[in-house]
Amino acid sequence: MAMYQKIKLKSGEYAHIVEIYEEGVAYEADIYSKSGKTRTDSIKHTDIAAVIEEVERPLSA
């Protein structure tokens with residue numbers, strides 16, 4: 001896991017890692033709720049469903 005990595009939680013919410021307490025164990029994350037609100041909370045590695053990897057593509061004309 002890396003700082004500012006985008007993830008999807010098992011709850012269905014998306015989040016960004018903002019602090020790594022212990023790799024593979026616990027993190028602090030900005031969590032974006034389905035209602036549009038953002039909260040910062042501690043999460044466990046087991047709360048993570050997927051790591052979101054973004055791909056940069058050039059804009060075609």
# chains A, B, ... in the order shown; residues from 1 in each chain; ligands from 1

$ select_by_dssp --residues "chain A" --states "strand (DSSP E)" --output "ChimeraX atom specification"
/A:6-9,14-22,26-32,38-44,48-52

$ closest_residue --among "A:Ser35, A:Val55, A:Ser42, A:Lys6" --to "A:Ile20" --atoms "only C-alpha atoms"
A:Ser42

$ closest_residue --among "A:Ser11, A:Ile43, A:Met1, A:Thr38" --to "A:Gly24" --atoms "only C-alpha atoms"
A:Met1

$ atom_distance --atom1 "atom CA of A:Pro58" --atom2 "atom CA of A:Ala15"
25.6 Å

$ closest_residue --among "A:Ser60, A:Thr46, A:Ser33, A:Gln5" --to "A:Val18" --atoms "only C-alpha atoms"
A:Gln5

$ closest_residue --among "A:Lys8, A:Glu13, A:Met3, A:Ala49" --to "A:Lys37" --atoms "only C-alpha atoms"
A:Glu13

$ closest_residue --among "A:Glu23, A:Lys10, A:His16, A:Ile31" --to "A:Ile52" --atoms "only C-alpha atoms"
A:His16

$ atom_distance --atom1 "atom CA of A:Ala26" --atom2 "atom CA of A:Asp47"
9.5 Å

$ residues_around --residues "A:Asp41" --least-positions-apart "6" --cutoff "9 Å" --atoms "only C-alpha atoms" --output "PyMOL selection string"
chain A and resi 27-31

$ atom_distance --atom1 "atom CA of A:Ala2" --atom2 "atom CA of A:His45"
12.5 Å

$ closest_residue --among "A:Glu56, A:Val51, A:Lys44, A:Tyr4" --to "A:Val25" --atoms "only C-alpha atoms"
A:Lys44
